[in-house]
Amino acid sequence: MSVNADNLAPLPAGQLPAGQLPEAVLARTRVRAIRLPHSPKAIAGLAILAIFALLTLIGPWVAPYAPNYNAFAPNLHPSAMHWLGTSNLGADLFSQLLNGARATMVVGFIAGLVATLLSVIVGITAGYIGGGTDEGLSLAANVFLAIPGLPLLIVIDSYLPASGRSNTLLIGVIIAITGWAWGARVLRAQTLSIKRRDFVEAARVVGEGRIRIMFFEVLPNLVAIVASSFLFTMLYAIGTYVALAYIGVTSTAVWNWGTMLYWAQSSNAPLTGAWWWFVPPGLCIALVGTGLALLNFGVDEFINPRLRAAGLSRKGMRKAGLPRHPKLGLTPVVRTAPRKPTAPATTARTGVAR
Amino acid sequence: MTALARKIGVYIVTAWVAITVNFLLPRLMPGNPIQTMIGKLQGRVTLQMQQAIQQQFGIGLHQSLWSQYVSYWSQLFHGNLGQSITLSAPVSTVLGQTLPWTVGLLGASTVLSFVLGTLAGIALGWRRGSWLDGFLPVSTFFQAVPYFFLGTVLLLVLGSDLHWFPVLGNYARGLTPGFNGPFLFSVVRYAELPAATIVLSSIAGWMLGMRNMMVTVMDEDFVLVARAKGLPTRKVVSYAARNAILPSVANFSLAIGLVVSGALLVELVFNYPGVGNLLLQAVLNQDYPLLQGIFLVITLTVLGANLIADFIYVFLDPRVRQEA
């Protein structure tokens, strides 16, 4: 298993001698940059997320019954008729699980999107403009980092009127308010290191506007970090939304996995041993979370080539032609040599990564 | 010490923001939730209590927002967080009884999780590429499981079915609370399973952060030099680890917020009589004074924990000390 150095193309950390490569290789590099990542972790994560994305789209349509249609016998065990049994009120639990996917995923996605947008704007502005703006925005980010999110959300949500509590869009946006600060801090730090680079100076000298430099020169170099921040925030948002629903602060009429756990807990399903009621939603949440985290590993390895080699198994290392026991101070950076007649025969080089 | 002074400044601002948000939320929320609550309480509580609530939330007082704000602060400085509606007791008294349990449980499990996670991260970083890497996906899974779900499963399997751990509550009934052997032993036994839940859920974060930093630090020249000098491996690892641990400590404030949020829900599952359980009661009964008091106390406690982490950071990193 080898990881292509081509993937590093849009990153400054890659330090590819791009100037020395012929045009043809450069063109191929651009195509490679957008193709699927090679890391098995990232692929596994993508696969898990794809399944759940599909469930989000079609879940409510393929569910055999409406989630609150409770005309069946109560407390049925799993059977061919009801794959996950029925609740104490006689509702089909499998239908509830399928219906619950949509709200859970949508809230996570909206919160991730809004929070990432906020963190990009705040982080890059603070890092690029600096001075008093930086002081103010950094202070705001640090304040939001220090306030524990869940208790604040519980207080806010418990003041919402009933219509607000069932509004998934609103809940998503409120969760985003508590989740943007971490991304903003990371992006600010990266912006600080990028803004002194030559290409940014050049853009300034050419006379490009501030906004243009921030969002068209600096931002493209932060794409990997933005992606990582989005995944992290979505993970946080799903966990938080489910927790809010589990406590019962959001509307119990909106079906999501947290609501299922809420009803399971309030009708003592765990103590009566009705595992088919509370285990499936819990596992679904954990699987989505694992998918997001695995994909995030992939992004991390993309950003930091050292982690990529560190993630290789012994077999993978042998295959990549790396020494069995990495020597201290020498982290192998896996890269495939350009496939050209003049290219060296080895498929991987070992070098001191700086 | 300038770095530390700045941090303390941030915490003071954070405390002010939390208090102000607490003051403004009920007053600015659309739909007048407090008025609705008082309407529901009509006839259920004494007139005195009703007036106390109106006083606290500034309803029907015809005072300016500013003078309400000033009196809010003066109440706060007198340690007055209002009256809990459902428990008919001052919020500060109620919190005084529950907070020690939460701080004890959370403090112990966070320290345990940090120490174990960091040690595991050092091992994983040092032995990268070995079979130990198989732990990574497993730990990711545990990190993604909601705390309360993991708690429920542990409670069922290890508590209710196998009876390995005592569950539900904080100590065995019939013991006299105090500084005596049987009571303390019982407290520890009852805290084992909730603490195990918190440690299992939060350990992965520390572990992964530490591993990734170890991988990076091991490329530094000083590690190479230490090895070249022929220092024993144990010593080389400790040199690398000492430098890799700094970001973990620096990121403590991010992590502690998540841990506290998750741990509050663990209390619900185990019926542990801490702040989390109180929070649920406040939500269910729409006990707004209690809810607000809890939020404020949790925030201030978390800030205190952050401050401790910052002092440790200064102690660990000589560069910060020399800045002054």
# chains A, B, ... in the order shown; residues from 1 in each chain; ligands from 1
$ residues_around --residues "Val217 of chain B" --least-positions-apart "4" --cutoff "9 Å" --atoms "only C-alpha atoms" --output "ChimeraX atom specification"
/A:329 /B:212-213,221,223,240-241,243-244
$ residues_around --residues "segment 250-252 of chain A" --least-positions-apart "4" --cutoff "9 Å" --atoms "only C-alpha atoms" --output "tab-separated table (two decimals) with C-alpha atoms, in the first residue's frame"
chain	number	residue	atom	x	y	z
A	157	ASP	CA	-33.15	25.31	24.52
A	158	SER	CA	-35.26	25.09	27.65
A	162	ALA	CA	-42.42	24.49	21.67
A	163	SER	CA	-42.25	25.48	18.00
A	164	GLY	CA	-38.56	26.29	18.35
A	165	ARG	CA	-37.74	22.99	20.01
A	166	SER	CA	-39.11	20.98	17.10
A	167	ASN	CA	-37.31	23.13	14.52
A	171	ILE	CA	-31.43	23.63	16.85
A	241	TYR	CA	-28.02	16.90	19.49
A	244	LEU	CA	-30.15	17.16	24.12
A	245	ALA	CA	-32.86	14.85	22.77
A	246	TYR	CA	-31.95	12.20	25.36
A	256	ASN	CA	-34.11	11.16	15.96
A	259	THR	CA	-35.51	10.69	21.05
A	260	MET	CA	-35.53	6.90	20.70
A	262	TYR	CA	-35.17	9.08	25.58
A	263	TRP	CA	-38.30	6.94	25.20
$ closest_residue --among "B:Ile53, B:Leu65, B:Leu307, B:Ile85" --to "Val283 of chain B" --atoms "only C-alpha atoms"
B:Ile85
$ select_by_dssp --residues "segment 38-203 of chain A" --states "helix (DSSP H, G or I)" --output "NGL selection string"
:A and (40-62 or 93-129 or 131-146 or 149-159 or 162-165 or 168-179 or 181-194 or 198-203)
$ closest_residue --among "A:Ala71, A:Ser138, A:Ala101, A:Asn88" --to "Ile51 of chain A" --atoms "only C-alpha atoms"
A:Ala101
$ closest_residue --among "A:Gly112, A:Gly239, A:Gly291, A:Pro60" --to "Gly179 of chain A" --atoms "only C-alpha atoms"
A:Gly112
$ residues_around --residues "Gly117 of chain B" --least-positions-apart "4" --cutoff "8 Å" --atoms "only C-alpha atoms" --output "ChimeraX atom specification"
/B:113,121,203-207,210
$ residues_around --residues "Ala227 of chain A" --least-positions-apart "3" --cutoff "9 Å" --atoms "only C-alpha atoms" --output "list of chain:residue names"
A:Thr116, A:Leu222, A:Val223, A:Ala224, A:Phe230, A:Leu231, A:Phe232, A:Asn296, A:Val299
$ residues_around --residues "Ala89 of chain B" --least-positions-apart "4" --cutoff "12 Å" --atoms "only C-alpha atoms" --output "VMD selection string"
chain B and resid 49 80 to 85 93 to 97 287 289 to 290
$ write_last_selection --atoms "all heavy atoms" --output "mmCIF file, in the first residue's frame"
data_model
loop_
_atom_site.group_PDB
_atom_site.id
_atom_site.type_symbol
_atom_site.label_atom_id
_atom_site.label_comp_id
_atom_site.auth_asym_id
_atom_site.auth_seq_id
_atom_site.Cartn_x
_atom_site.Cartn_y
_atom_site.Cartn_z
ATOM 1 N N MET B 49 -42.875 33.085 47.307
ATOM 2 C CA MET B 49 -42.025 32.447 46.302
ATOM 3 C C MET B 49 -42.224 33.105 44.941
ATOM 4 O O MET B 49 -41.281 33.393 44.218
ATOM 5 C CB MET B 49 -42.396 30.954 46.236
ATOM 6 C CG MET B 49 -41.692 30.194 45.150
ATOM 7 S SD MET B 49 -40.059 29.740 45.647
ATOM 8 C CE MET B 49 -40.340 28.044 46.101
ATOM 9 N N ASN B 80 -26.437 34.550 46.457
ATOM 10 C CA ASN B 80 -27.847 34.235 46.286
ATOM 11 C C ASN B 80 -28.135 33.892 44.827
ATOM 12 O O ASN B 80 -28.046 34.741 43.949
ATOM 13 C CB ASN B 80 -28.687 35.443 46.724
ATOM 14 C CG ASN B 80 -30.162 35.118 46.692
ATOM 15 O OD1 ASN B 80 -30.567 34.027 46.294
ATOM 16 N ND2 ASN B 80 -30.977 36.071 47.125
ATOM 17 N N LEU B 81 -28.465 32.639 44.567
ATOM 18 C CA LEU B 81 -28.754 32.220 43.188
ATOM 19 C C LEU B 81 -30.252 32.044 42.980
ATOM 20 O O LEU B 81 -30.694 31.485 41.988
ATOM 21 C CB LEU B 81 -28.044 30.898 42.876
ATOM 22 C CG LEU B 81 -26.521 30.957 42.816
ATOM 23 C CD1 LEU B 81 -25.945 29.563 42.733
ATOM 24 C CD2 LEU B 81 -26.068 31.791 41.634
ATOM 25 N N GLY B 82 -31.054 32.502 43.928
ATOM 26 C CA GLY B 82 -32.505 32.370 43.796
ATOM 27 C C GLY B 82 -33.025 31.131 44.491
ATOM 28 O O GLY B 82 -32.284 30.396 45.135
ATOM 29 N N GLN B 83 -34.343 30.925 44.366
ATOM 30 C CA GLN B 83 -35.010 29.810 45.021
ATOM 31 C C GLN B 83 -35.360 28.756 43.983
ATOM 32 O O GLN B 83 -35.905 29.066 42.935
ATOM 33 C CB GLN B 83 -36.317 30.312 45.658
ATOM 34 C CG GLN B 83 -36.124 31.203 46.865
ATOM 35 C CD GLN B 83 -35.939 30.409 48.127
ATOM 36 O OE1 GLN B 83 -36.489 29.330 48.258
ATOM 37 N NE2 GLN B 83 -35.142 30.928 49.057
ATOM 38 N N SER B 84 -35.052 27.503 44.292
ATOM 39 C CA SER B 84 -35.507 26.436 43.419
ATOM 40 C C SER B 84 -37.006 26.247 43.617
ATOM 41 O O SER B 84 -37.492 26.244 44.745
ATOM 42 C CB SER B 84 -34.778 25.136 43.744
ATOM 43 O OG SER B 84 -35.490 24.060 43.209
ATOM 44 N N ILE B 85 -37.735 26.149 42.511
ATOM 45 C CA ILE B 85 -39.188 26.076 42.623
ATOM 46 C C ILE B 85 -39.631 24.710 43.116
ATOM 47 O O ILE B 85 -40.428 24.596 44.048
ATOM 48 C CB ILE B 85 -39.835 26.369 41.258
ATOM 49 C CG1 ILE B 85 -39.465 27.783 40.829
ATOM 50 C CG2 ILE B 85 -41.333 26.218 41.332
ATOM 51 C CD1 ILE B 85 -39.648 28.042 39.382
ATOM 52 N N THR B 93 -27.976 26.249 48.310
ATOM 53 C CA THR B 93 -27.950 25.132 49.257
ATOM 54 C C THR B 93 -28.014 23.800 48.522
ATOM 55 O O THR B 93 -27.256 22.864 48.808
ATOM 56 C CB THR B 93 -29.156 25.217 50.217
ATOM 57 O OG1 THR B 93 -29.290 26.553 50.648
ATOM 58 C CG2 THR B 93 -28.989 24.299 51.395
ATOM 59 N N VAL B 94 -28.939 23.731 47.537
ATOM 60 C CA VAL B 94 -29.104 22.500 46.781
ATOM 61 C C VAL B 94 -27.807 22.138 46.072
ATOM 62 O O VAL B 94 -27.353 20.985 46.108
ATOM 63 C CB VAL B 94 -30.245 22.666 45.737
ATOM 64 C CG1 VAL B 94 -30.365 21.417 44.904
ATOM 65 C CG2 VAL B 94 -31.543 22.989 46.423
ATOM 66 N N LEU B 95 -27.181 23.150 45.452
ATOM 67 C CA LEU B 95 -25.945 22.899 44.719
ATOM 68 C C LEU B 95 -24.805 22.524 45.655
ATOM 69 O O LEU B 95 -23.952 21.709 45.316
ATOM 70 C CB LEU B 95 -25.567 24.123 43.899
ATOM 71 C CG LEU B 95 -26.257 24.164 42.531
ATOM 72 C CD1 LEU B 95 -26.055 25.519 41.890
ATOM 73 C CD2 LEU B 95 -25.706 23.076 41.640
ATOM 74 N N GLY B 96 -24.808 23.148 46.843
ATOM 75 C CA GLY B 96 -23.769 22.847 47.817
ATOM 76 C C GLY B 96 -23.761 21.376 48.200
ATOM 77 O O GLY B 96 -22.716 20.789 48.485
ATOM 78 N N GLN B 97 -24.983 20.747 48.175
ATOM 79 C CA GLN B 97 -25.053 19.328 48.532
ATOM 80 C C GLN B 97 -24.636 18.418 47.383
ATOM 81 O O GLN B 97 -24.116 17.329 47.604
ATOM 82 C CB GLN B 97 -26.484 18.972 48.956
ATOM 83 C CG GLN B 97 -26.856 19.534 50.309
ATOM 84 C CD GLN B 97 -28.355 19.600 50.497
ATOM 85 O OE1 GLN B 97 -29.117 19.229 49.614
ATOM 86 N NE2 GLN B 97 -28.781 20.085 51.648
ATOM 87 N N ASP B 287 -37.670 24.278 36.064
ATOM 88 C CA ASP B 287 -37.244 25.019 37.242
ATOM 89 C C ASP B 287 -36.121 25.973 36.818
ATOM 90 O O ASP B 287 -34.947 25.691 36.990
ATOM 91 C CB ASP B 287 -36.752 24.012 38.286
ATOM 92 C CG ASP B 287 -36.549 24.645 39.648
ATOM 93 O OD1 ASP B 287 -36.438 25.878 39.692
ATOM 94 O OD2 ASP B 287 -36.509 23.903 40.632
ATOM 95 N N PRO B 289 -34.845 28.947 37.861
ATOM 96 C CA PRO B 289 -33.793 29.425 38.775
ATOM 97 C C PRO B 289 -32.727 28.362 39.022
ATOM 98 O O PRO B 289 -31.524 28.645 38.995
ATOM 99 C CB PRO B 289 -34.560 29.737 40.058
ATOM 100 C CG PRO B 289 -35.951 29.961 39.633
ATOM 101 C CD PRO B 289 -36.186 29.084 38.439
ATOM 102 N N LEU B 290 -33.165 27.107 39.200
ATOM 103 C CA LEU B 290 -32.221 26.011 39.445
ATOM 104 C C LEU B 290 -31.349 25.788 38.212
ATOM 105 O O LEU B 290 -30.125 25.655 38.297
ATOM 106 C CB LEU B 290 -33.010 24.748 39.794
ATOM 107 C CG LEU B 290 -32.193 23.516 40.197
ATOM 108 C CD1 LEU B 290 -31.312 23.834 41.385
ATOM 109 C CD2 LEU B 290 -33.106 22.349 40.533
#
$ closest_residue --among "A:Met234, A:Ala286, A:Leu113, A:Ala103" --to "chain B" --atoms "only C-alpha atoms"
A:Ala286
